[in-house]
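**Student:** entry-v9.txt is the file, holding compact mmCIF, C-alpha atoms:
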```txt
# COMPACT_ATOMS: atom_id res chain seq x y z
CA MET A 1158 151.19 149.55 103.35
CA ALA A 1159 152.38 152.35 105.65
CA THR A 1160 155.91 150.90 105.67
CA ILE A 1161 155.90 150.58 101.89
CA ALA A 1162 154.71 154.18 101.49
CA GLU A 1163 157.41 155.40 103.87
CA GLN A 1164 160.18 153.46 102.11
CA ALA A 1165 158.92 154.69 98.73
CA GLY A 1166 158.96 158.27 99.98
CA VAL A 1167 155.26 158.87 99.32
CA GLY A 1168 152.29 159.52 101.53
CA ILE A 1169 149.99 156.67 102.47
CA GLY A 1170 147.13 158.42 100.66
CA THR A 1171 149.13 158.55 97.45
CA LEU A 1172 149.91 154.86 97.73
CA TYR A 1173 146.25 153.97 98.34
CA ARG A 1174 145.10 156.15 95.41
CA HIS A 1175 147.29 154.10 93.07
CA TYR A 1176 146.89 150.74 94.83
CA PRO A 1177 143.70 150.58 96.91
CA THR A 1178 144.58 147.19 98.41
CA ARG A 1179 147.64 145.16 99.23
CA GLU A 1180 146.54 142.70 96.54
CA ALA A 1181 146.42 145.49 93.93
CA LEU A 1182 149.97 146.51 94.84
CA LEU A 1183 151.23 142.91 94.66
CA ALA A 1184 149.48 142.44 91.31
CA ALA A 1185 151.18 145.57 89.95
CA LEU A 1186 154.59 144.43 91.22
CA THR A 1187 154.04 140.97 89.77
CA LEU A 1188 153.04 142.45 86.41
CA ARG A 1189 156.16 144.65 86.42
CA SER A 1190 158.32 141.63 87.28
CA PHE A 1191 156.93 139.55 84.43
CA GLN A 1192 157.48 142.50 82.06
CA LEU A 1193 161.12 142.57 83.13
CA VAL A 1194 161.54 138.81 82.62
CA LEU A 1195 159.83 139.20 79.24
CA GLN A 1196 162.51 141.72 78.23
CA HIS A 1197 165.19 139.19 79.20
CA ALA A 1198 163.47 136.40 77.26
CA ARG A 1199 162.97 138.64 74.21
CA THR A 1200 166.65 139.61 74.25
CA ALA A 1201 167.61 135.92 74.38
CA ALA A 1202 165.24 135.03 71.53
CA LEU A 1203 166.49 137.88 69.32
CA SER A 1204 170.16 137.20 70.07
CA ASP A 1205 172.44 136.07 67.25
CA GLU A 1206 174.43 134.08 69.80
CA PRO A 1207 174.12 130.28 69.92
CA ALA A 1208 171.29 129.10 72.18
CA PRO A 1209 173.52 128.18 75.15
CA ALA A 1210 175.09 131.67 75.16
CA ALA A 1211 171.65 133.30 74.83
CA LEU A 1212 170.41 131.28 77.82
CA GLU A 1213 173.46 132.25 79.88
CA GLN A 1214 172.68 135.90 79.07
CA PHE A 1215 169.04 135.33 80.10
CA PHE A 1216 170.22 133.94 83.44
CA GLU A 1217 172.74 136.76 83.88
CA ARG A 1218 170.02 139.38 83.41
CA THR A 1219 167.72 137.50 85.78
CA ILE A 1220 170.41 137.32 88.46
CA ALA A 1221 171.20 141.02 88.03
CA ALA A 1222 167.51 141.98 88.34
CA ARG A 1223 166.68 139.65 91.24
CA ASN A 1224 165.87 142.47 93.69
CA GLN A 1225 163.22 143.77 91.29
CA LEU A 1226 161.41 140.44 90.91
CA ILE A 1227 158.20 139.72 92.81
CA LEU A 1228 157.18 136.45 91.21
CA PRO A 1229 155.21 133.37 92.29
CA LEU A 1230 158.31 131.18 92.08
CA HIS A 1231 159.99 133.58 94.53
CA GLY A 1232 157.20 133.24 97.07
CA GLY A 1233 155.09 136.03 95.60
CA PRO A 1234 151.36 135.63 95.11
CA VAL A 1235 149.86 133.54 92.33
CA ILE A 1236 147.80 136.06 90.39
CA HIS A 1237 145.45 134.92 87.65
CA ASP A 1238 145.20 138.26 85.87
CA GLY A 1239 144.80 138.11 82.08
CA LYS A 1240 147.75 140.44 81.47
CA ILE A 1241 150.02 138.33 83.67
CA VAL A 1242 148.88 135.09 82.03
CA ALA A 1243 149.61 136.61 78.61
CA LEU A 1244 153.09 137.71 79.73
CA ARG A 1245 153.89 134.25 81.12
CA THR A 1246 152.78 132.69 77.85
CA GLU A 1247 154.92 135.08 75.82
CA ILE A 1248 157.93 134.39 78.05
CA ARG A 1249 157.51 130.63 77.58
CA ASN A 1250 157.12 131.06 73.80
CA LEU A 1251 160.27 133.17 73.54
CA LEU A 1252 162.29 130.71 75.61
CA GLU A 1253 160.93 127.90 73.44
CA GLN A 1254 162.31 129.77 70.41
CA VAL A 1255 165.76 129.80 72.00
CA LEU A 1256 165.53 126.10 72.85
CA ASP A 1257 164.30 125.28 69.32
CA ARG A 1258 167.26 127.14 67.86
CA GLY A 1259 169.57 125.04 70.02
CA ARG A 1260 167.78 121.82 69.13
CA ARG A 1261 168.16 122.59 65.42
CA ASP A 1262 171.90 123.16 65.71
CA ARG A 1263 172.24 120.29 68.23
CA THR A 1264 173.61 122.44 71.06
CA ILE A 1265 170.54 121.91 73.28
CA ARG A 1266 169.10 118.57 74.38
CA PRO A 1267 165.68 117.73 72.92
CA ASP A 1268 163.92 117.22 76.26
CA ALA A 1269 164.64 120.66 77.80
CA THR A 1270 161.58 122.87 78.22
CA PRO A 1271 160.93 126.56 78.83
CA ILE A 1272 159.64 125.61 82.29
CA ASP A 1273 163.10 124.13 83.06
CA ILE A 1274 164.62 127.50 82.16
CA ILE A 1275 162.03 129.45 84.15
CA ILE A 1276 162.44 127.32 87.29
CA THR A 1277 166.23 127.59 87.09
CA GLY A 1278 166.02 131.36 86.61
CA ALA A 1279 163.77 131.62 89.67
CA ILE A 1280 166.20 129.57 91.74
CA LEU A 1281 169.20 131.62 90.58
CA ALA A 1282 167.44 134.89 91.38
CA GLN A 1283 166.63 133.83 94.95
CA PRO A 1284 169.79 134.09 97.08
CA LEU A 1285 170.42 131.45 99.69
CA PRO A 1286 170.32 132.84 103.23
CA HIS A 1287 173.65 133.85 104.76
CA THR A 1288 175.43 133.83 101.37
CA THR A 1289 177.50 136.94 100.76
CA ASP A 1290 178.73 136.07 97.26
CA TRP A 1291 175.42 134.96 95.75
CA ASP A 1292 175.94 136.61 92.35
CA GLN A 1293 179.16 134.68 91.80
CA LEU A 1294 177.61 131.41 92.98
CA ALA A 1295 174.48 131.95 90.88
CA ARG A 1296 176.54 132.62 87.76
CA ARG A 1297 178.49 129.43 88.39
CA GLN A 1298 175.27 127.45 88.79
CA ALA A 1299 173.87 129.00 85.59
CA SER A 1300 176.98 127.87 83.68
CA ILE A 1301 176.69 124.37 85.10
CA PHE A 1302 173.00 124.26 84.18
CA VAL A 1303 173.59 125.46 80.61
CA ALA A 1304 176.41 122.93 80.19
CA GLY A 1305 173.93 120.26 81.30
CA LEU A 1306 171.60 121.29 78.48
CA ALA A 1307 174.11 119.98 75.95
CA ALA A 1308 172.50 117.65 73.42
CA THR A 1309 175.06 114.91 74.14
CA ASP A 1310 173.89 114.25 77.70
CA PRO A 1311 171.60 111.28 78.53
CA PRO A 1312 167.83 111.89 78.84
CA LEU A 1313 166.65 113.79 81.89
CA PRO A 1314 164.98 111.82 84.70
CA GLY A 1315 161.29 112.29 85.47
CA SER A 1316 158.54 113.73 83.35
CA ARG A 1317 158.81 117.04 81.54
CA PRO A 1318 157.54 119.98 83.61
CA THR A 1319 154.56 121.75 82.10
CA ARG A 1320 152.76 124.98 82.84
CA ALA A 1321 149.53 123.08 83.53
CA ARG A 1322 151.22 120.96 86.22
CA ARG A 1323 152.82 124.06 87.82
CA GLU A 1324 149.45 125.85 87.89
CA ASP A 1325 147.77 122.78 89.40
CA GLU A 1326 150.45 122.61 92.11
CA SER A 1327 150.05 126.36 92.80
CA VAL A 1328 146.29 126.01 93.19
CA ARG A 1329 146.68 123.07 95.58
CA ALA A 1330 149.30 124.96 97.61
CA ALA A 1331 147.04 128.02 97.81
CA ASP A 1332 144.24 125.82 99.20
CA LEU A 1333 146.37 124.66 102.14
CA PRO A 1334 145.62 126.30 105.49
```
Spell out the structure here as structure tokens.
**Tutor:**
Amino acid sequence: MATIAEQAGVGIGTLYRHYPTREALLAALTLRSFQLVLQHARTAALSDEPAPAALEQFFERTIAARNQLILPLHGGPVIHDGKIVALRTEIRNLLEQVLDRGRRDRTIRPDATPIDIIITGAILAQPLPHTTDWDQLARRQASIFVAGLAATDPPLPGSRPTRARREDESVRAADLP
């Protein structure tokens, strides 16, 4: 906490007044991160662009904001706060709207899910170690991913990822020593 206070340019007392524990600080950062992702998802859902273009814009914004994201899929804590759960739900619903739009106009495959988009966004926002041109590589991977969402491709292997399965995996991982 002392290092964080120093880097933020505030006194340790000020930091502790706002965030009495490390967990409170991480919860606030996680909440802020989900609010940022929500803005990206809302922009994609409200876009007049075709679904693939809206998803590429969602990924572009996620890549650009990667240094501001403290999320469970980036190694951040799994926080079961009601506000965070509501934000995650709203993000999934907005991304589902984009996917539905693409399914209706046959530009998005029927078996793609919001969780697929969320996992890919998390991967794209987490630079590989020792990679100096991550933004360029991430944008390339986003384009490849969106092209793979085309409705003409064969069905995806494996079962569809769901939020319930992700939460179950997170709980099991948190129980490990």
**Student:** Report, in Å to a single decimal, how far apart CA of Leu1183 (chain A) and CA of Pro1271 (chain A) are.
**Tutor:**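 For CA of Pro1271 (chain A) relative to CA of Leu1183 (chain A), the distance reads 24.7 Å.
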**Student:** Applying 10 Å and only C-alpha atoms, which residues near Arg1199 (chain A) remain after dropping the ones on its own chain fewer than 6 positions away? List them as a VMD selection string.
**Tutor:** chain A and resid 1193 1215 1247 to 1248 1250 to 1252 1254 to 1255
**Student:** Using all atoms listed in the file, which residue out of A:Ile1276, A:Ala1201, A:Ala1181, A:Ile1301 lies closest to Arg1218 (chain A)?
**Tutor:**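 Of the candidates, the smallest distance to Arg1218 (chain A) is held by A:Ala1201.
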**Student:** Ranking A:Asp1290, A:Glu1180, A:Asp1205, A:Glu1253 by minimum distance to Asp1273 (chain A) and counting only C-alpha atoms, which one comes first?
**Tutor:**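 Closest residue, counting only C-alpha atoms: A:Glu1253.
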**Student:** Rank nothing, just name the residue among A:His1237, A:Arg1179, A:Arg1245, A:Arg1258 nearest to Glu1206 (chain A), using all atoms listed in the file.
**Tutor:**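 Of all the options, A:Arg1258 lies closest to Glu1206 (chain A).
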**Student:** With a cut-off of 10 Å, could you pull out the residues of region 1181-1277 of chain A touching region 1284-1289 of chain A and give me the nearest pair of atoms for each, distance in Å to one decimal, using only C-alpha atoms, ordered by chain and ascending number, as a Markdown table?
**Tutor:**
```
| residue | atom | partner | partner_atom | distance |
| --- | --- | --- | --- | --- |
| A:Ile1220 | CA | A:Pro1284 | CA | 9.2 |
| A:Arg1223 | CA | A:Pro1284 | CA | 8.6 |
| A:Asn1224 | CA | A:Pro1284 | CA | 9.9 |
```
**Student:** Find, counting all atoms listed in the file, the residue in A:Thr1264, A:Thr1277, A:Ser1300, A:Gln1283 that gets nearest to Ala1208 (chain A).
**Tutor:**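 Under the stated criterion, the closest residue is A:Thr1264.
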**Student:** When you draw a straight line from CA of His1175 (chain A) to CA of Ile1227 (chain A), how long is it in Å?
**Tutor:** 18.1 Å
